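input.csv follows; it contains CSV, C-alpha atoms.
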chain,number,residue,atom,x,y,z
A,1,MET,CA,7.6,24.0,-13.2
A,2,ALA,CA,3.9,24.9,-12.9
A,3,ALA,CA,3.3,22.9,-9.7
A,4,TYR,CA,5.3,25.2,-7.5
A,5,ASN,CA,4.8,28.7,-6.2
A,6,ARG,CA,8.1,30.1,-7.5
A,7,PRO,CA,10.8,29.1,-10.1
A,8,VAL,CA,12.7,26.1,-9.0
A,9,THR,CA,16.5,25.7,-9.2
A,10,ILE,CA,18.1,22.6,-10.8
A,11,VAL,CA,19.4,21.5,-7.4
A,12,GLU,CA,15.8,21.8,-5.9
A,13,THR,CA,14.4,19.9,-8.9
A,14,LEU,CA,17.0,17.0,-8.5
A,15,GLY,CA,16.3,16.9,-4.8
A,16,ILE,CA,12.6,16.6,-5.3
A,17,ILE,CA,12.9,13.9,-8.0
A,18,THR,CA,15.3,12.0,-5.7
A,19,PHE,CA,13.1,12.0,-2.6
A,20,HIS,CA,9.9,11.5,-4.5
A,21,ALA,CA,11.2,8.3,-6.3
A,22,GLY,CA,13.1,7.1,-3.2
A,23,LEU,CA,10.1,7.5,-0.8
A,24,ILE,CA,6.9,7.5,-2.7
A,25,HIS,CA,7.5,5.1,-5.6
A,26,SER,CA,9.8,2.7,-3.7
A,27,ALA,CA,7.0,2.3,-1.1
A,28,GLN,CA,4.5,1.7,-3.9
A,29,VAL,CA,6.7,-1.1,-5.3
A,30,ALA,CA,7.8,-2.6,-2.0
A,31,GLU,CA,4.3,-2.9,-0.5
A,32,PRO,CA,2.8,-5.4,-2.9
A,33,ALA,CA,6.1,-7.4,-2.9
A,34,GLY,CA,5.9,-7.7,0.8
A,35,VAL,CA,9.4,-6.1,1.4
A,36,PRO,CA,10.3,-3.1,3.6
A,37,PRO,CA,10.4,0.2,1.7
A,38,LEU,CA,13.7,1.6,0.5
A,39,TRP,CA,13.9,4.2,3.3
A,40,MET,CA,14.3,1.4,5.8
A,41,GLN,CA,17.7,0.7,4.2
A,42,LEU,CA,18.9,4.3,4.0
A,43,SER,CA,21.6,5.4,6.4
A,44,PRO,CA,20.6,7.9,9.1
A,45,GLU,CA,22.6,10.6,7.2
A,46,ILE,CA,20.7,10.0,4.0
A,47,ARG,CA,17.3,10.0,5.8
A,48,HIS,CA,18.3,13.3,7.4
A,49,ARG,CA,19.1,14.8,4.0
A,50,VAL,CA,15.8,13.5,2.5
A,51,ILE,CA,13.8,15.1,5.3
A,52,GLY,CA,15.5,18.4,4.5
A,53,ARG,CA,14.6,18.1,0.8
A,54,VAL,CA,11.0,17.4,1.8
A,55,MET,CA,10.9,20.6,3.9
A,56,ARG,CA,12.2,22.6,0.9
A,57,ALA,CA,9.4,21.0,-1.2
A,58,PHE,CA,6.9,22.1,1.4
A,59,SER,CA,8.0,25.7,1.0
A,60,LEU,CA,7.6,25.4,-2.8
A,61,LEU,CA,4.2,23.8,-2.5
A,62,TYR,CA,2.7,26.4,-0.2
A,63,ARG,CA,-0.6,27.7,-1.6
A,64,PHE,CA,-0.6,31.5,-1.2
A,65,ASP,CA,-4.1,31.6,-2.7
A,66,ILE,CA,-5.5,29.4,0.1
A,67,GLY,CA,-3.3,30.8,2.9
A,68,GLY,CA,-4.3,34.4,2.2
A,69,ASP,CA,-3.2,36.6,5.1
A,70,LEU,CA,-1.9,33.6,7.1
A,71,SER,CA,1.5,34.1,8.7
A,72,ASN,CA,2.7,31.2,10.7
A,73,SER,CA,5.2,28.3,10.9
A,74,LEU,CA,5.5,24.6,11.3
A,75,ALA,CA,8.3,23.0,13.2
A,76,PHE,CA,9.2,19.3,12.6
A,77,ARG,CA,11.1,17.5,15.3
A,78,VAL,CA,12.1,14.0,14.4
A,79,ASP,CA,13.8,11.9,17.0
A,80,GLY,CA,16.3,9.0,16.5
A,81,PRO,CA,19.1,8.4,14.1
A,82,GLY,CA,18.9,10.7,11.1
A,83,GLY,CA,16.4,13.0,12.9
A,84,GLY,CA,16.7,16.6,13.7
A,85,GLU,CA,14.7,19.8,13.6
A,86,TRP,CA,13.3,21.6,10.5
A,87,TYR,CA,10.8,24.3,9.9
A,88,VAL,CA,8.5,25.8,7.2
A,89,LYS,CA,7.6,29.5,7.6
A,90,PHE,CA,4.8,31.0,5.4
A,91,SER,CA,3.2,34.4,5.0
A,92,PRO,CA,1.3,36.2,2.3
A,93,ASN,CA,4.7,37.2,0.8
A,94,ALA,CA,6.9,34.2,1.1
A,95,ALA,CA,7.3,30.5,2.1
A,96,THR,CA,10.7,29.4,3.3
A,97,SER,CA,12.1,26.3,5.0
A,98,GLY,CA,15.3,25.4,6.8
A,99,GLU,CA,17.0,23.2,9.3
A,100,GLY,CA,17.1,24.0,13.0
A,101,ALA,CA,14.9,25.3,15.7
A,102,ILE,CA,12.7,28.4,15.4
A,103,ASP,CA,11.2,30.6,18.1
A,104,ASP,CA,7.5,30.2,18.7
A,105,PRO,CA,6.3,27.9,15.9
A,106,GLY,CA,2.6,27.9,15.3
A,107,LEU,CA,2.6,24.1,15.3
A,108,VAL,CA,5.2,21.6,16.4
A,109,ILE,CA,5.0,18.1,14.8
A,110,ARG,CA,7.1,15.7,16.8
A,111,LEU,CA,7.8,12.3,15.4
A,112,HIS,CA,9.3,9.3,17.2
A,113,ASP,CA,11.7,8.5,14.3
A,114,THR,CA,12.5,9.0,10.7
A,115,ASN,CA,10.5,5.9,9.7
A,116,ILE,CA,7.4,7.6,11.0
A,117,PHE,CA,8.1,10.7,8.9
A,118,CYS,CA,8.5,8.6,5.8
A,119,GLN,CA,5.3,6.7,6.6
A,120,MET,CA,3.4,9.9,7.1
A,121,LEU,CA,4.7,11.4,3.9
A,122,THR,CA,3.7,8.3,1.9
A,123,GLY,CA,0.3,7.9,3.4
A,124,ARG,CA,1.2,4.8,5.3
A,125,PHE,CA,0.9,6.2,8.9
A,126,ASN,CA,-2.2,5.6,10.9
A,127,LEU,CA,-2.7,9.0,12.5
A,128,PRO,CA,-5.1,8.2,15.3
A,129,ILE,CA,-3.0,5.2,16.4
A,130,GLY,CA,0.2,7.2,16.1
A,131,LEU,CA,-1.2,10.0,18.3
A,132,ILE,CA,-2.5,7.5,20.9
A,133,ASN,CA,0.7,5.5,21.2
A,134,GLY,CA,2.9,8.7,21.2
A,135,ARG,CA,4.8,8.0,18.0
A,136,MET,CA,3.5,11.4,16.9
A,137,LYS,CA,2.8,14.4,19.1
A,138,LEU,CA,1.3,17.7,18.1
A,139,ARG,CA,1.6,21.0,20.0
A,140,GLY,CA,0.2,24.3,19.0
A,141,ASP,CA,-2.4,25.4,16.5
A,142,LEU,CA,-4.0,22.1,15.5
A,143,ARG,CA,-6.0,23.9,12.8
A,144,LEU,CA,-2.7,24.2,10.9
A,145,PHE,CA,-2.3,20.4,11.0
A,146,LEU,CA,-5.8,19.9,9.7
A,147,ARG,CA,-5.2,22.4,6.8
A,148,MET,CA,-1.8,21.0,5.7
A,149,ASN,CA,-3.2,19.0,2.8
A,150,THR,CA,-4.7,22.1,1.3
A,151,LEU,CA,-2.1,24.6,2.3
A,152,PHE,CA,0.7,22.5,0.8
A,153,SER,CA,-0.2,20.8,-2.5
A,154,VAL,CA,0.9,20.1,-6.0
A,155,ASP,CA,-1.6,22.7,-7.2
A,156,ALA,CA,0.6,25.6,-5.9
A,157,ARG,CA,0.8,28.5,-8.4
A,158,PRO,CA,3.4,31.3,-8.7
A,159,LYS,CA,2.2,34.3,-6.8
A,160,GLY,CA,2.5,36.5,-9.9
A,161,ALA,CA,0.3,34.2,-11.9
A,162,MET,CA,-2.4,34.4,-9.2
A,163,LEU,CA,-2.3,38.2,-9.3
A,164,ALA,CA,-2.5,38.2,-13.1
A,165,ARG,CA,-5.5,35.8,-13.1
A,166,ALA,CA,-7.2,37.9,-10.5
A,167,ALA,CA,-6.7,41.0,-12.6
A,168,LEU,CA,-8.1,39.3,-15.7
A,169,ALA,CA,-11.1,37.8,-13.9
A,170,PRO,CA,-14.5,39.4,-14.8
A,171,GLU,CA,-16.0,41.5,-12.0
A,172,SER,CA,-19.1,40.1,-10.5

Can the structure in the file be given as structure tokens, please?
Amino acid sequence: MAAYNRPVTIVETLGIITFHAGLIHSAQVAEPAGVPPLWMQLSPEIRHRVIGRVMRAFSLLYRFDIGGDLSNSLAFRVDGPGGGEWYVKFSPNAATSGEGAIDDPGLVIRLHDTNIFCQMLTGRFNLPIGLINGRMKLRGDLRLFLRMNTLFSVDARPKGAMLARAALAPES
């Protein structure tokens, strides 16, 4: 799948399809109908699993070409039922994710509950208001937060493909 930075397994593909349709598209349908999005009806266990799948997608969407020599990590701490701790680590050589706490993350994103995570992921979270009212807290290198949209995007390319393109590029 050309959108990711490495080959994707069948399990990863199914997980991405599931969370994408369950979060993004269900919110797009629910909003005009005036009903709560599907994630509001999911059990805490399923919300927890969905967040884990999103973290794996973050590791697949890391842009090595934009990150360059950057070696750092993001920690997500989500409170409330279905919450937990997850991380995404990235370096010039690899991007990985997992569940649990990590030592010395570059940026910690703490969210009040899983609903806030889902709102943030679907573009339905008012960041300034969320920071002011404490529903979201950031600690660490805030530049990482500001770069997340570019460091993790559906334009990720396999590392080998980037190297091949660079080798074929005409010298200036």

> Got a sec: who's within 6 Å of Leu74 (chain A), counting only C-alpha atoms, leaving out chain neighbours fewer than 6 positions off, as a list in words?
Replying inline: Tyr87, Val88, Pro105, Gly106, Leu107 and Val108 of chain A

> If you measure from CA of Ser97 (chain A) to CA of Phe58 (chain A), what distance in Å do you get, rounded to one decimal?
Replying inline: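 CA of Ser97 (chain A) sits 7.6 Å away from CA of Phe58 (chain A).
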
> Given the choices A:Ala94, A:Ile129, A:Val11, A:Val78, which gets closest to Ile51 (chain A) if the distance is worked out from all atoms listed in the file?
Replying inline: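 The closest residue to Ile51 (chain A) is A:Val78.
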
>> For a test of reading the model, state the distance in Å between CA of Lys89 (chain A) and CA of Ala27 (chain A), rounded to one decimal.
In response: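 Answer for the CA of Lys89 (chain A) to CA of Ala27 (chain A) separation: 28.6 Å.
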
> What's the 12 Å shell around region 99-103 of chain A, counting all atoms listed in the file, without same-chain residues fewer than 6 positions away, as a PyMOL selection string?
Replying inline: chain A and resi 48-56+72-78+83-89

> So, counting all atoms listed in the file, which residue among A:His112, A:Cys118, A:Phe90, A:Gln28 is closest to Ser59 (chain A)?
Replying inline: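 Residue with the minimum atom-to-atom distance to Ser59 (chain A): A:Phe90.
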
Hey, could you pull the box centre and edge lengths for region 67-84 of chain A, axis-aligned, 3 Å padding per side, all listed atoms, to one decimal in Å, as AutoDock Vina command-line options?
--center_x 7.4 --center_y 22.5 --center_z 9.6 --size_x 29.4 --size_y 34.2 --size_z 20.8

>> Could you tell me how far CA of Met148 (chain A) sits from CA of Arg47 (chain A), in Å to one decimal place?
In response: 22.0 Å

> Quick one: of A:Ser43, A:Asp104, A:Thr18, A:Leu111, who's nearest to Gly82 (chain A), counting all atoms listed in the file?
Replying inline: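 Once distances to Gly82 (chain A) are computed over all atoms listed in the file, the minimum belongs to A:Ser43.
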
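Distance annotation: of A:Ile46, A:Ala57, A:Asp155, A:Gly140, the residue with the minimal separation from Leu14 (chain A) is A:Ala57; atom set is only C-alpha atoms.
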
> Which is closest to Leu38 (chain A) among A:Gly80, A:Gln119, A:Phe125, A:Arg139, if we use all atoms listed in the file?
Replying inline: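 For Leu38 (chain A), the nearest of the given residues is A:Gln119.
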
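Nearest-residue note for Thr114 (chain A): choosing from A:Asn149, A:Asn126, A:Met40, A:Tyr62, the minimum distance belongs to A:Met40, counting all atoms listed in the file.
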
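Those residues that approach Leu61 (chain A) to within 10 Å, counting all atoms listed in the file, are A:Ala3, A:Tyr4, A:Asn5, A:Arg6, A:Met55, A:Arg56, A:Ala95, A:Thr150, A:Leu151, A:Phe152, A:Ser153, A:Val154, A:Asp155, A:Ala156, A:Arg157, A:Pro158; same-chain residues fewer than 5 positions away are not listed.
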